[in-house]
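Enquirer: The structure file start01.cif (mmCIF, C-alpha atoms) is provided below.
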data_run
#
loop_
_atom_site.label_atom_id
_atom_site.label_comp_id
_atom_site.auth_asym_id
_atom_site.auth_seq_id
_atom_site.Cartn_x
_atom_site.Cartn_y
_atom_site.Cartn_z
CA MET A 16 71.30 149.83 58.01
CA SER A 17 74.41 150.20 60.10
CA ILE A 18 76.28 153.41 60.72
CA SER A 19 80.05 153.61 60.72
CA MET A 20 82.14 154.66 63.68
CA TYR A 21 83.61 157.34 61.44
CA ALA A 22 80.13 158.79 60.80
CA ILE A 23 79.38 159.13 64.52
CA THR A 24 82.74 160.64 65.43
CA VAL A 25 84.81 162.67 62.97
CA PRO A 26 82.05 164.65 61.19
CA VAL A 27 80.16 165.20 64.46
CA PHE A 28 83.30 166.29 66.33
CA THR A 29 84.32 168.56 63.45
CA ARG A 30 80.92 170.25 63.25
CA TYR A 31 80.66 170.90 66.96
CA LEU A 32 84.25 172.08 67.36
CA ASN A 33 83.61 174.56 64.54
CA ASN A 34 80.40 175.65 66.28
CA LEU A 35 82.25 176.01 69.58
CA ASP A 36 84.90 178.13 67.87
CA ALA A 37 82.20 180.36 66.38
CA ILE A 38 80.52 180.76 69.78
CA LEU A 39 83.85 181.61 71.40
CA ALA A 40 84.48 184.17 68.63
CA GLN A 41 81.10 185.75 69.37
CA ALA A 42 82.01 185.78 73.06
CA GLU A 43 85.32 187.50 72.28
CA ALA A 44 83.58 190.22 70.28
CA ASN A 45 80.88 190.63 72.92
CA ALA A 46 83.43 190.85 75.74
CA ALA A 47 85.43 193.48 73.85
CA GLU A 48 82.27 195.47 73.16
CA ARG A 49 81.28 195.32 76.83
CA LYS A 50 84.88 195.98 77.98
CA ILE A 51 85.11 192.69 79.87
CA LYS A 52 88.66 191.49 80.52
CA PRO A 53 89.66 188.49 78.37
CA GLU A 54 90.11 186.14 81.33
CA VAL A 55 86.78 186.89 83.04
CA LEU A 56 84.60 184.70 80.83
CA GLY A 57 87.19 181.90 80.89
CA ALA A 58 86.87 181.75 84.67
CA SER A 59 83.07 181.94 84.63
CA ARG A 60 80.91 179.07 85.81
CA LEU A 61 77.20 178.37 86.16
CA ALA A 62 77.32 177.45 89.83
CA PRO A 63 79.96 177.69 92.57
CA ASP A 64 80.55 173.93 92.55
CA MET A 65 80.91 173.64 88.76
CA LEU A 66 84.12 173.93 86.81
CA PRO A 67 84.70 177.05 84.66
CA LEU A 68 84.46 177.63 80.93
CA THR A 69 88.16 176.86 80.47
CA PHE A 70 87.63 173.36 81.86
CA GLN A 71 84.54 172.78 79.71
CA VAL A 72 86.44 173.56 76.51
CA GLN A 73 89.48 171.55 77.62
CA SER A 74 87.25 168.59 78.47
CA THR A 75 85.45 168.78 75.13
CA THR A 76 88.71 168.62 73.18
CA ASP A 77 90.26 166.01 75.47
CA ARG A 78 87.29 163.65 75.23
CA MET A 79 87.29 163.91 71.44
CA LYS A 80 91.01 163.18 71.15
CA PHE A 81 90.83 160.30 73.64
CA ALA A 82 87.81 158.75 71.90
CA LEU A 83 89.55 158.74 68.52
CA SER A 84 92.85 157.59 70.02
CA ARG A 85 91.21 154.68 71.83
CA LEU A 86 89.43 153.59 68.67
CA THR A 87 92.50 153.71 66.44
CA GLY A 88 95.34 152.97 68.84
CA ARG A 89 97.01 156.27 67.99
CA GLU A 90 98.79 158.15 70.73
CA ALA A 91 96.69 161.04 72.02
CA PRO A 92 98.62 164.30 72.06
CA SER A 93 99.25 165.87 75.44
CA TRP A 94 97.93 169.40 75.71
CA GLU A 95 98.74 171.44 78.76
CA ASP A 96 95.59 172.89 80.33
CA LYS A 97 96.83 176.46 80.58
CA GLU A 98 94.13 178.36 78.70
CA VAL A 99 92.88 181.52 80.40
CA THR A 100 91.38 183.82 77.75
CA LEU A 101 88.82 183.25 75.02
CA ALA A 102 91.64 183.52 72.47
CA ASP A 103 93.47 180.73 74.33
CA LEU A 104 90.33 178.61 74.23
CA ARG A 105 89.89 179.20 70.51
CA ALA A 106 93.48 178.06 69.97
CA ARG A 107 92.67 174.91 71.97
CA VAL A 108 89.62 174.25 69.78
CA LYS A 109 91.77 174.70 66.67
CA LYS A 110 94.22 172.09 68.02
CA GLY A 111 91.24 169.79 68.47
CA LEU A 112 90.07 170.43 64.91
CA ASP A 113 93.55 169.74 63.55
CA PHE A 114 93.72 166.45 65.46
CA VAL A 115 90.25 165.30 64.41
CA SER A 116 90.93 166.19 60.76
CA GLY A 117 93.77 163.67 60.77
CA PHE A 118 91.36 160.72 60.84
CA SER A 119 89.87 159.17 57.73
CA GLU A 120 87.10 156.63 57.22
CA ALA A 121 89.78 154.02 56.62
CA ASP A 122 91.39 154.79 60.00
CA LEU A 123 88.13 153.98 61.78
CA ALA A 124 86.94 151.12 59.54
CA GLY A 125 86.09 148.04 61.57
CA THR A 126 86.36 149.74 64.95
CA GLU A 127 82.62 149.22 65.45
CA ASN A 128 83.46 145.67 66.54
CA LYS A 129 86.48 146.56 68.64
CA VAL A 130 86.56 145.97 72.40
CA LEU A 131 88.27 148.70 74.40
CA THR A 132 90.00 148.31 77.74
CA LEU A 133 89.17 151.30 79.92
CA LYS A 134 90.12 152.15 83.47
CA VAL A 135 86.96 152.37 85.59
CA ARG A 136 87.51 153.20 89.24
CA GLY A 137 91.10 152.00 88.94
CA GLU A 138 90.24 148.66 87.35
CA ASP A 139 90.43 147.53 83.72
CA LYS A 140 87.02 147.05 82.15
CA GLN A 141 86.29 145.61 78.71
CA VAL A 142 83.75 147.72 76.82
CA PRO A 143 82.51 147.37 73.23
CA ALA A 144 83.78 150.41 71.31
CA VAL A 145 80.36 151.31 69.95
CA GLU A 146 78.97 151.29 73.50
CA HIS A 147 81.80 153.48 74.77
CA ILE A 148 81.38 156.01 71.96
CA THR A 149 77.57 156.19 71.95
CA LEU A 150 76.85 155.83 75.67
CA ASN A 151 79.88 157.53 77.21
CA ALA A 152 82.18 159.58 74.98
CA VAL A 153 79.63 161.43 72.84
CA PRO A 154 77.26 162.21 75.76
CA GLN A 155 80.24 163.47 77.81
CA ILE A 156 81.37 165.65 74.90
CA PHE A 157 77.89 167.13 74.51
CA PHE A 158 77.63 167.73 78.25
CA HIS A 159 80.79 169.86 78.20
CA LEU A 160 79.81 171.61 74.95
CA THR A 161 76.39 172.44 76.36
CA THR A 162 77.88 173.66 79.62
CA ALA A 163 80.33 175.92 77.74
CA TYR A 164 77.45 177.33 75.70
CA ALA A 165 75.33 177.82 78.84
CA ILE A 166 78.14 179.62 80.69
CA LEU A 167 78.52 182.08 77.83
CA ARG A 168 74.77 182.56 77.45
CA HIS A 169 74.42 183.05 81.20
CA ASN A 170 77.06 185.77 80.99
CA GLY A 171 75.14 187.70 78.35
CA VAL A 172 76.77 186.48 75.16
CA PRO A 173 73.95 186.66 72.59
CA VAL A 174 74.09 183.11 71.28
CA GLY A 175 71.15 180.87 70.49
CA LYS A 176 70.30 177.31 69.55
CA ARG A 177 71.41 177.78 65.94
CA ASP A 178 74.83 178.86 67.14
CA PHE A 179 75.07 175.64 69.12
CA THR A 180 73.77 173.29 66.41
CA GLY A 181 75.32 175.14 63.48
#
Could you take the file, read its structure, and then write that structure out as structure tokens?
Expert:
Amino acid sequence: MSISMYAITVPVFTRYLNNLDAILAQAEANAAERKIKPEVLGASRLAPDMLPLTFQVQSTTDRMKFALSRLTGREAPSWEDKEVTLADLRARVKKGLDFVSGFSEADLAGTENKVLTLKVRGEDKQVPAVEHITLNAVPQIFFHLTTAYAILRHNGVPVGKRDFTG
């Protein structure tokens, strides 16, 4: 049995963007309860050499939009990375959800066999689409989602595995 490119992108991206939004909402409520300024959690990181929560959310949404754009040939929207607060990050996630919801099974039909041209270290590289999505895009997305979750958990937001997986 084969699985469609749609099945491994749009429903997965939608579920985890919704989960991310719910986690960010919990973080907002928790920060308000603990009287933490709205921008503090956005600037939080797990280690000094890691990028902050704002970057993790921006990267999650960017990688989703670029994956779908590469597969379909649609132009990826340009979103300025100016989020600071949890409310800003939730708005960014909502933009991601709106973009992902614009793709149907028909839009992605046949892309399993597509070959993508990607820039790798400044050079064009031909990569089978299914390889790019399963071995690069989705793992990268989950890395940034997991890091965002971990930053919030590390900062005392009471989220658990069910919040992450939905």
Enquirer: I need the output of the PyMOL selection byres ((chain A and resi 104) around 12) for this file as a PyMOL selection string; which residues are they?
Expert: chain A and resi 32+35-40+42-43+53-54+56-58+67-76+95-103+105-111+163
Enquirer: What does the file look like for those residues with C-alpha atoms, as a short mmCIF file (atom, residue, chain, number, x, y, z; two decimals), in the coordinates of the input?
Expert:
data_model
loop_
_atom_site.label_atom_id
_atom_site.label_comp_id
_atom_site.auth_asym_id
_atom_site.auth_seq_id
_atom_site.Cartn_x
_atom_site.Cartn_y
_atom_site.Cartn_z
CA LEU A 32 84.25 172.08 67.36
CA LEU A 35 82.25 176.01 69.58
CA ASP A 36 84.90 178.13 67.87
CA ALA A 37 82.20 180.36 66.38
CA ILE A 38 80.52 180.76 69.78
CA LEU A 39 83.85 181.61 71.40
CA ALA A 40 84.48 184.17 68.63
CA ALA A 42 82.01 185.78 73.06
CA GLU A 43 85.32 187.50 72.28
CA PRO A 53 89.66 188.49 78.37
CA GLU A 54 90.11 186.14 81.33
CA LEU A 56 84.60 184.70 80.83
CA GLY A 57 87.19 181.90 80.89
CA ALA A 58 86.87 181.75 84.67
CA PRO A 67 84.70 177.05 84.66
CA LEU A 68 84.46 177.63 80.93
CA THR A 69 88.16 176.86 80.47
CA PHE A 70 87.63 173.36 81.86
CA GLN A 71 84.54 172.78 79.71
CA VAL A 72 86.44 173.56 76.51
CA GLN A 73 89.48 171.55 77.62
CA SER A 74 87.25 168.59 78.47
CA THR A 75 85.45 168.78 75.13
CA THR A 76 88.71 168.62 73.18
CA GLU A 95 98.74 171.44 78.76
CA ASP A 96 95.59 172.89 80.33
CA LYS A 97 96.83 176.46 80.58
CA GLU A 98 94.13 178.36 78.70
CA VAL A 99 92.88 181.52 80.40
CA THR A 100 91.38 183.82 77.75
CA LEU A 101 88.82 183.25 75.02
CA ALA A 102 91.64 183.52 72.47
CA ASP A 103 93.47 180.73 74.33
CA ARG A 105 89.89 179.20 70.51
CA ALA A 106 93.48 178.06 69.97
CA ARG A 107 92.67 174.91 71.97
CA VAL A 108 89.62 174.25 69.78
CA LYS A 109 91.77 174.70 66.67
CA LYS A 110 94.22 172.09 68.02
CA GLY A 111 91.24 169.79 68.47
CA ALA A 163 80.33 175.92 77.74
#
Enquirer: Quick one: residues within 10 Å of Tyr31 in chain A, only C-alpha atoms, excluding same-chain residues fewer than 2 positions away - as a list in words?
Expert: Pro26, Val27, Phe28, Thr29, Asn33, Asn34, Leu35, Asp36, Ala37, Thr75, Val108, Leu112, Ile156, Phe157, Leu160, Asp178, Phe179, Thr180 and Gly181 of chain A
Enquirer: Quick one: write out the picked residues with C-alpha atoms as a PDB file, keeping the file's coordinate frame?
Expert:
ATOM      1  CA  PRO A  26      82.050 164.650  61.190  1.00  0.00           C
ATOM      2  CA  VAL A  27      80.160 165.200  64.460  1.00  0.00           C
ATOM      3  CA  PHE A  28      83.300 166.290  66.330  1.00  0.00           C
ATOM      4  CA  THR A  29      84.320 168.560  63.450  1.00  0.00           C
ATOM      5  CA  ASN A  33      83.610 174.560  64.540  1.00  0.00           C
ATOM      6  CA  ASN A  34      80.400 175.650  66.280  1.00  0.00           C
ATOM      7  CA  LEU A  35      82.250 176.010  69.580  1.00  0.00           C
ATOM      8  CA  ASP A  36      84.900 178.130  67.870  1.00  0.00           C
ATOM      9  CA  ALA A  37      82.200 180.360  66.380  1.00  0.00           C
ATOM     10  CA  THR A  75      85.450 168.780  75.130  1.00  0.00           C
ATOM     11  CA  VAL A 108      89.620 174.250  69.780  1.00  0.00           C
ATOM     12  CA  LEU A 112      90.070 170.430  64.910  1.00  0.00           C
ATOM     13  CA  ILE A 156      81.370 165.650  74.900  1.00  0.00           C
ATOM     14  CA  PHE A 157      77.890 167.130  74.510  1.00  0.00           C
ATOM     15  CA  LEU A 160      79.810 171.610  74.950  1.00  0.00           C
ATOM     16  CA  ASP A 178      74.830 178.860  67.140  1.00  0.00           C
ATOM     17  CA  PHE A 179      75.070 175.640  69.120  1.00  0.00           C
ATOM     18  CA  THR A 180      73.770 173.290  66.410  1.00  0.00           C
ATOM     19  CA  GLY A 181      75.320 175.140  63.480  1.00  0.00           C
TER      20      GLY A 181
END
Enquirer: Could you spell out the hits of the PyMOL selection byres ((chain A and resi 132) around 9) on the shown file, as an mmCIF file with C-alpha atoms, in the coordinates of the input?
Expert:
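And here's selection-v6.cif as it stands now:
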data_model
loop_
_atom_site.group_PDB
_atom_site.id
_atom_site.type_symbol
_atom_site.label_atom_id
_atom_site.label_comp_id
_atom_site.auth_asym_id
_atom_site.auth_seq_id
_atom_site.Cartn_x
_atom_site.Cartn_y
_atom_site.Cartn_z
ATOM 1 C CA ARG A 85 91.210 154.680 71.830
ATOM 2 C CA VAL A 130 86.560 145.970 72.400
ATOM 3 C CA LEU A 131 88.270 148.700 74.400
ATOM 4 C CA LEU A 133 89.170 151.300 79.920
ATOM 5 C CA LYS A 134 90.120 152.150 83.470
ATOM 6 C CA ASP A 139 90.430 147.530 83.720
ATOM 7 C CA LYS A 140 87.020 147.050 82.150
ATOM 8 C CA GLN A 141 86.290 145.610 78.710
ATOM 9 C CA VAL A 142 83.750 147.720 76.820
ATOM 10 C CA PRO A 143 82.510 147.370 73.230
#
Enquirer: Would you mind reading off the distance between CA of Ser116 in chain A and CA of Leu86 in chain A, one decimal, in Å?
Expert: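 Atom-to-atom, CA of Ser116 in chain A and CA of Leu86 in chain A are spaced 15.0 Å apart.
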Enquirer: Between CA of Thr126 in chain A and CA of Ala144 in chain A, what is the distance, to one decimal in Å?
Expert: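 A separation of 6.9 Å between them.
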Enquirer: When the PyMOL selection byres ((chain A and resi 23) around 12) is applied to the structure above, which residues does it catch, written out as a PyMOL selection string?
Expert: chain A and resi 17-22+24-30+79+82-83+120+123+126-127+144-150+152-154
Enquirer: In Å, rounded to a single decimal, give me how far CA of Lys129 in chain A is from CA of Arg78 in chain A.
Expert: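 Interatomic distance here is 18.3 Å.
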Enquirer: Quick one: of A:Arg136, A:Asp122, A:Lys52, A:Asn128, who's nearest to Gly88 in chain A, counting only C-alpha atoms?
Expert: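 Between A:Arg136, A:Asp122, A:Lys52, A:Asn128, the residue approaching Gly88 in chain A most closely is A:Asp122.
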Enquirer: Rank nothing, just name the residue among A:Ser84, A:Ser93, A:Gln41, A:Ser119 nearest to Leu167 in chain A, using all atoms listed in the file.
Expert: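 Under the stated criterion, the closest residue is A:Gln41.
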Enquirer: Which centre and which edge lengths, in Å to one decimal, describe the axis-aligned box that holds all listed atoms of range 134-141 of chain A after 4 Å is added on each side, as lines of an AutoDock Vina configuration file?
Expert:
center_x = 88.7
center_y = 149.4
center_z = 84.0
size_x = 12.8
size_y = 15.6
size_z = 18.5
Enquirer: Which one is closest to Val115 in chain A: A:Lys80, A:Asn151, A:Thr162, A:Leu66? Count only C-alpha atoms.
Expert: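 Checking each of A:Lys80, A:Asn151, A:Thr162, A:Leu66 against Val115 in chain A, counting only C-alpha atoms, the winner is A:Lys80.
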Enquirer: Using only C-alpha atoms, find the one residue out of A:Pro173, A:Asp64, A:Thr87, A:Glu48 that sits nearest to Ala124 in chain A.
Expert: A:Thr87
Enquirer: Go through A:Ile166, A:Ala46, A:Phe81, A:Gln155 and flag the residue nearest Met65 in chain A, using only C-alpha atoms for the distances.
Expert: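 Nearest to Met65 in chain A: A:Ile166.
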Enquirer: Take the structure in the block and write a file for range 25-134 of chain A, C-alpha atoms, as a CSV table (one decimal), in the first residue's frame.
Expert:
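Resulting contents of part08.csv:
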chain,number,residue,atom,x,y,z
A,25,VAL,CA,-1.5,18.6,5.1
A,26,PRO,CA,-3.3,16.5,7.8
A,27,VAL,CA,0.0,16.2,9.8
A,28,PHE,CA,0.8,19.9,9.5
A,29,THR,CA,-2.7,20.8,10.4
A,30,ARG,CA,-2.8,18.6,13.5
A,31,TYR,CA,0.5,19.8,14.8
A,32,LEU,CA,-0.1,23.5,14.1
A,33,ASN,CA,-3.3,23.2,16.0
A,34,ASN,CA,-1.5,21.5,18.9
A,35,LEU,CA,1.2,24.2,18.8
A,36,ASP,CA,-1.5,26.8,19.0
A,37,ALA,CA,-3.1,25.1,22.0
A,38,ILE,CA,0.3,24.8,23.7
A,39,LEU,CA,1.0,28.5,23.1
A,40,ALA,CA,-2.5,29.3,24.5
A,41,GLN,CA,-1.7,27.4,27.6
A,42,ALA,CA,1.6,29.3,27.8
A,43,GLU,CA,-0.2,32.6,27.5
A,44,ALA,CA,-2.6,31.7,30.3
A,45,ASN,CA,0.3,30.4,32.5
A,46,ALA,CA,2.4,33.5,31.9
A,47,ALA,CA,-0.5,35.8,32.8
A,48,GLU,CA,-1.2,33.7,36.0
A,49,ARG,CA,2.5,33.9,37.0
A,50,LYS,CA,2.7,37.6,35.9
A,51,ILE,CA,5.4,36.9,33.3
A,52,LYS,CA,5.8,39.6,30.7
A,53,PRO,CA,4.5,38.5,27.2
A,54,GLU,CA,7.9,38.8,25.5
A,55,VAL,CA,9.8,36.8,28.1
A,56,LEU,CA,8.8,33.3,27.0
A,57,GLY,CA,9.2,34.3,23.3
A,58,ALA,CA,12.9,35.1,24.0
A,59,SER,CA,13.4,31.9,26.0
A,60,ARG,CA,15.8,29.2,24.9
A,61,LEU,CA,17.0,25.8,26.2
A,62,ALA,CA,20.7,26.6,26.0
A,63,PRO,CA,22.7,29.8,25.3
A,64,ASP,CA,23.7,28.6,21.9
A,65,MET,CA,20.2,27.7,20.8
A,66,LEU,CA,17.7,30.0,19.1
A,67,PRO,CA,14.6,31.2,21.1
A,68,LEU,CA,11.0,30.1,21.0
A,69,THR,CA,10.1,32.8,18.5
A,70,PHE,CA,12.6,31.2,16.0
A,71,GLN,CA,11.3,27.7,16.7
A,72,VAL,CA,7.7,28.7,15.8
A,73,GLN,CA,8.8,30.8,12.8
A,74,SER,CA,10.9,27.8,11.6
A,75,THR,CA,8.0,25.4,12.0
A,76,THR,CA,5.6,27.5,9.9
A,77,ASP,CA,8.3,28.4,7.3
A,78,ARG,CA,9.3,24.7,6.8
A,79,MET,CA,5.6,23.7,6.3
A,80,LYS,CA,4.9,26.5,3.8
A,81,PHE,CA,8.1,25.8,1.9
A,82,ALA,CA,7.5,22.0,1.8
A,83,LEU,CA,4.0,22.5,0.3
A,84,SER,CA,5.2,25.3,-2.0
A,85,ARG,CA,8.0,23.1,-3.4
A,86,LEU,CA,5.7,20.2,-4.0
A,87,THR,CA,3.0,22.2,-5.8
A,88,GLY,CA,5.0,25.0,-7.4
A,89,ARG,CA,2.9,27.6,-5.6
A,90,GLU,CA,4.6,30.8,-4.4
A,91,ALA,CA,5.3,30.6,-0.7
A,92,PRO,CA,4.1,33.7,1.1
A,93,SER,CA,6.7,35.9,2.7
A,94,TRP,CA,6.1,36.4,6.5
A,95,GLU,CA,8.3,38.9,8.3
A,96,ASP,CA,9.9,37.3,11.4
A,97,LYS,CA,8.8,40.0,13.8
A,98,GLU,CA,7.0,38.0,16.5
A,99,VAL,CA,7.9,38.8,20.1
A,100,THR,CA,5.0,37.8,22.3
A,101,LEU,CA,3.0,34.5,22.6
A,102,ALA,CA,0.0,36.3,21.0
A,103,ASP,CA,2.3,37.2,18.1
A,104,LEU,CA,3.4,33.5,17.8
A,105,ARG,CA,-0.2,32.3,17.9
A,106,ALA,CA,-1.0,34.7,15.0
A,107,ARG,CA,1.9,33.2,13.1
A,108,VAL,CA,0.6,29.7,13.7
A,109,LYS,CA,-2.8,30.8,12.5
A,110,LYS,CA,-1.2,32.2,9.3
A,111,GLY,CA,0.4,28.8,8.9
A,112,LEU,CA,-2.9,27.0,9.4
A,113,ASP,CA,-4.6,29.2,6.8
A,114,PHE,CA,-1.9,28.5,4.3
A,115,VAL,CA,-1.9,24.7,4.8
A,116,SER,CA,-5.7,24.6,4.6
A,117,GLY,CA,-5.5,25.9,1.1
A,118,PHE,CA,-4.1,22.6,-0.2
A,119,SER,CA,-6.3,19.8,-1.3
A,120,GLU,CA,-5.6,16.2,-2.2
A,121,ALA,CA,-5.8,17.1,-5.9
A,122,ASP,CA,-3.2,19.8,-5.4
A,123,LEU,CA,-0.7,17.2,-4.2
A,124,ALA,CA,-1.7,14.3,-6.4
A,125,GLY,CA,1.3,12.8,-8.3
A,126,THR,CA,3.9,14.8,-6.4
A,127,GLU,CA,5.2,11.6,-4.9
A,128,ASN,CA,7.1,11.1,-8.1
A,129,LYS,CA,8.3,14.6,-8.5
A,130,VAL,CA,11.9,15.6,-8.4
A,131,LEU,CA,12.7,18.8,-6.6
A,132,THR,CA,15.7,21.1,-7.2
A,133,LEU,CA,17.0,22.3,-3.9
A,134,LYS,CA,19.9,24.6,-3.0
